[in-house]
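Trainee: Structure in structure tokens, see below.
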Amino acid sequence: MHAQPTPETSPRARRGAAARWLAASPRRAELGWADLAAWPAWADFPPAALQQLAYATGARVHAEALRRCIDGRVLKHVRDRLGEGAMRSLMDMPDEQPSAPLPLLLGEIDTALLDALLPAVGRDWLLASVASPVLREALREQLWPATGPQVRVINGAAAAAVVAEAMSLHIDEIPS
């Protein structure tokens with residue numbers, strides 16, 4: 001796909017890259033410069049890296065439930081997916097996060113279901129972190145067309161914080 005943008009990338013260059021990426025989007029006529037300026041860094045990740053970030057974001061959203069989990073197979077599986085360092089960071093986060101969703105029922109979940117649930121939750125939170133509704137929908141249509149429109153309402157500021165934390169959990173482990 002595209003290379004990851006760096007913090008040194010100028011806003012104009014980022015808007016240009018976003019415009020080129022969205023050229024195939026049916027919503028391109030609805031997007032303005034402000035939408036393109038809000039282009040999230042993760043949108044340029046290669047598919048495998050974006051899937052890893054979605055998984056990490058879903059894990060971060062459910063961090064409190066994962067920290068309370070006593071099922072070793074679930075914890076080992078999540079650690080294998082996230083990496084040792086990211087799992088340690090996740091487990092060391094403080095409890096009682098204000099953005100914590102309903103807890104996972106980990107006693108009744110297997111690893112295949114967890115592999116479907118965490119990335120799906122992560123995708124919802126990644127998209128919710130995008131302030132522009134038009135850009136959010138264009139990203140969903142381009143990146144995850146089979147998912148359909150987002151149904152859950154997620155606070156954008158909370159989503160942005162969770163996505164930033166998820167990126168810091170494993171940004172060094174994202175393949176380029």
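Chain labels run A, B, ... following the order of the structure tokens; each chain numbers its residues from 1, and ligands are numbered from 1 in the order shown.
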Find the residues near Pro133 (chain A): any atom within 12 Å, counting only C-alpha atoms, skip ones fewer than 6 places away on the same chain, and give them as a list in words.

Mentor: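 Using only C-alpha atoms, the neighbours found are Arg27, Glu30, Leu31, Gly32, Ala34, Asp35, Leu36, Ala38, Trp39, Leu127, Leu139, Arg140, Pro149, Gln150 and Gly156 of chain A.
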
Trainee: Would you mind exporting N, CA, C and O atoms of the selected residues as a CSV table (one decimal), in the first residue's frame?

Mentor:
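The resulting file, result29.csv, is reproduced below:
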```
chain,number,residue,atom,x,y,z
A,27,ARG,N,-17.0,8.9,-2.4
A,27,ARG,CA,-17.2,10.1,-1.5
A,27,ARG,C,-16.2,11.2,-1.8
A,27,ARG,O,-16.2,12.2,-1.0
A,30,GLU,N,-17.3,14.7,-1.7
A,30,GLU,CA,-17.8,15.2,-0.4
A,30,GLU,C,-16.7,15.7,0.5
A,30,GLU,O,-17.0,16.3,1.5
A,31,LEU,N,-15.5,15.3,0.3
A,31,LEU,CA,-14.4,15.6,1.2
A,31,LEU,C,-13.8,16.9,0.9
A,31,LEU,O,-13.6,17.3,-0.3
A,32,GLY,N,-13.5,17.7,1.9
A,32,GLY,CA,-12.8,18.9,1.8
A,32,GLY,C,-11.4,18.9,2.3
A,32,GLY,O,-10.9,17.9,2.8
A,34,ALA,N,-10.2,20.2,5.0
A,34,ALA,CA,-10.2,19.9,6.5
A,34,ALA,C,-10.3,18.4,6.7
A,34,ALA,O,-9.7,17.8,7.6
A,35,ASP,N,-11.1,17.7,5.9
A,35,ASP,CA,-11.2,16.2,6.0
A,35,ASP,C,-9.8,15.6,5.7
A,35,ASP,O,-9.4,14.7,6.4
A,36,LEU,N,-9.2,16.0,4.6
A,36,LEU,CA,-7.9,15.5,4.2
A,36,LEU,C,-6.8,15.8,5.3
A,36,LEU,O,-5.9,15.0,5.5
A,38,ALA,N,-7.3,15.8,8.3
A,38,ALA,CA,-7.6,14.9,9.5
A,38,ALA,C,-7.2,13.5,9.2
A,38,ALA,O,-7.6,12.5,9.9
A,39,TRP,N,-6.6,13.2,8.1
A,39,TRP,CA,-6.2,11.9,7.6
A,39,TRP,C,-5.4,11.2,8.7
A,39,TRP,O,-4.3,11.7,9.2
A,127,LEU,N,-12.1,3.8,13.5
A,127,LEU,CA,-12.9,4.6,12.7
A,127,LEU,C,-13.5,5.7,13.6
A,127,LEU,O,-13.6,6.9,13.1
A,139,LEU,N,-13.2,6.0,4.7
A,139,LEU,CA,-12.2,5.1,5.2
A,139,LEU,C,-12.8,3.7,5.4
A,139,LEU,O,-12.2,2.7,5.0
A,140,ARG,N,-13.9,3.6,6.0
A,140,ARG,CA,-14.6,2.3,6.2
A,140,ARG,C,-14.9,1.7,4.9
A,140,ARG,O,-14.6,0.5,4.7
A,149,PRO,N,-22.0,0.0,7.7
A,149,PRO,CA,-21.9,1.2,8.5
A,149,PRO,C,-21.8,0.8,10.0
A,149,PRO,O,-22.3,-0.2,10.4
A,150,GLN,N,-21.1,1.7,10.7
A,150,GLN,CA,-20.9,1.5,12.1
A,150,GLN,C,-22.2,1.7,12.8
A,150,GLN,O,-22.9,2.7,12.6
A,156,GLY,N,-15.6,10.0,20.2
A,156,GLY,CA,-14.5,10.2,19.4
A,156,GLY,C,-13.2,10.5,20.1
A,156,GLY,O,-12.1,10.0,19.8
```

Trainee: As a ChimeraX atom specification, please: all residues of chain A that backbone DSSP puts in helix (DSSP H, G or I).

Mentor: /A:11-24,28-30,33-37,41-44,47-61,63-68,72-82,84-92,106-108,111-128,133-143,145-147,156-173

Trainee: Please measure the separation of CA of Ala18 (chain A) and CA of Tyr55 (chain A), giving the value in Å to one decimal.

Mentor: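 For CA of Ala18 (chain A) relative to CA of Tyr55 (chain A), the distance reads 23.6 Å.
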
Trainee: Listing only residues of region 15-51 of chain A within 12 Å of region 164-168 of chain A, what is the closest atom pair and its distance in Å (to one decimal) for each, using only C-alpha atoms, sorted by chain and residue number ascending, as a Markdown table?

Mentor:
```
| residue | atom | partner | partner_atom | distance |
| --- | --- | --- | --- | --- |
| A:Pro40 | CA | A:Ala164 | CA | 10.8 |
| A:Ala41 | CA | A:Met167 | CA | 10.2 |
| A:Trp42 | CA | A:Met167 | CA | 8.8 |
| A:Phe45 | CA | A:Met167 | CA | 11.6 |
| A:Ala49 | CA | A:Met167 | CA | 10.7 |
| A:Leu50 | CA | A:Met167 | CA | 10.4 |
```

Trainee: Given only C-alpha atoms as the basis, pick out the residue of A:Ala120, A:Ser132, A:Ala161, A:Ala56 nearest to Met87 (chain A).

Mentor: A:Ala56

Trainee: Let me make sure I understand: among A:Pro119, A:Asp110, A:Leu135, A:Lys76, which one has the smallest atom-to-atom distance to Trp33 (chain A) if we use only C-alpha atoms?

Mentor: A:Leu135

Trainee: Using only C-alpha atoms, can you tell me which of A:Ala29, A:Leu82, A:Ala37, A:Ala158 comes closest to Ala17 (chain A)?

Mentor: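 Looking only at the distances to Ala17 (chain A), the closest residue turns out to be A:Ala37.
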
Trainee: Select from region 42-153 of chain A every residue with an atom at most 9 Å from any atom of region 19-24 of chain A, then for each give the shortest pair of atoms and their distance in Å to one decimal, using only C-alpha atoms, rows by chain and rising number, as JSON lines.

Mentor:
```
{"residue": "A:Asp44", "atom": "CA", "partner": "A:Trp21", "partner_atom": "CA", "distance": 8.6}
{"residue": "A:Ala138", "atom": "CA", "partner": "A:Leu22", "partner_atom": "CA", "distance": 7.7}
{"residue": "A:Leu139", "atom": "CA", "partner": "A:Leu22", "partner_atom": "CA", "distance": 8.4}
{"residue": "A:Gln142", "atom": "CA", "partner": "A:Leu22", "partner_atom": "CA", "distance": 8.0}
```
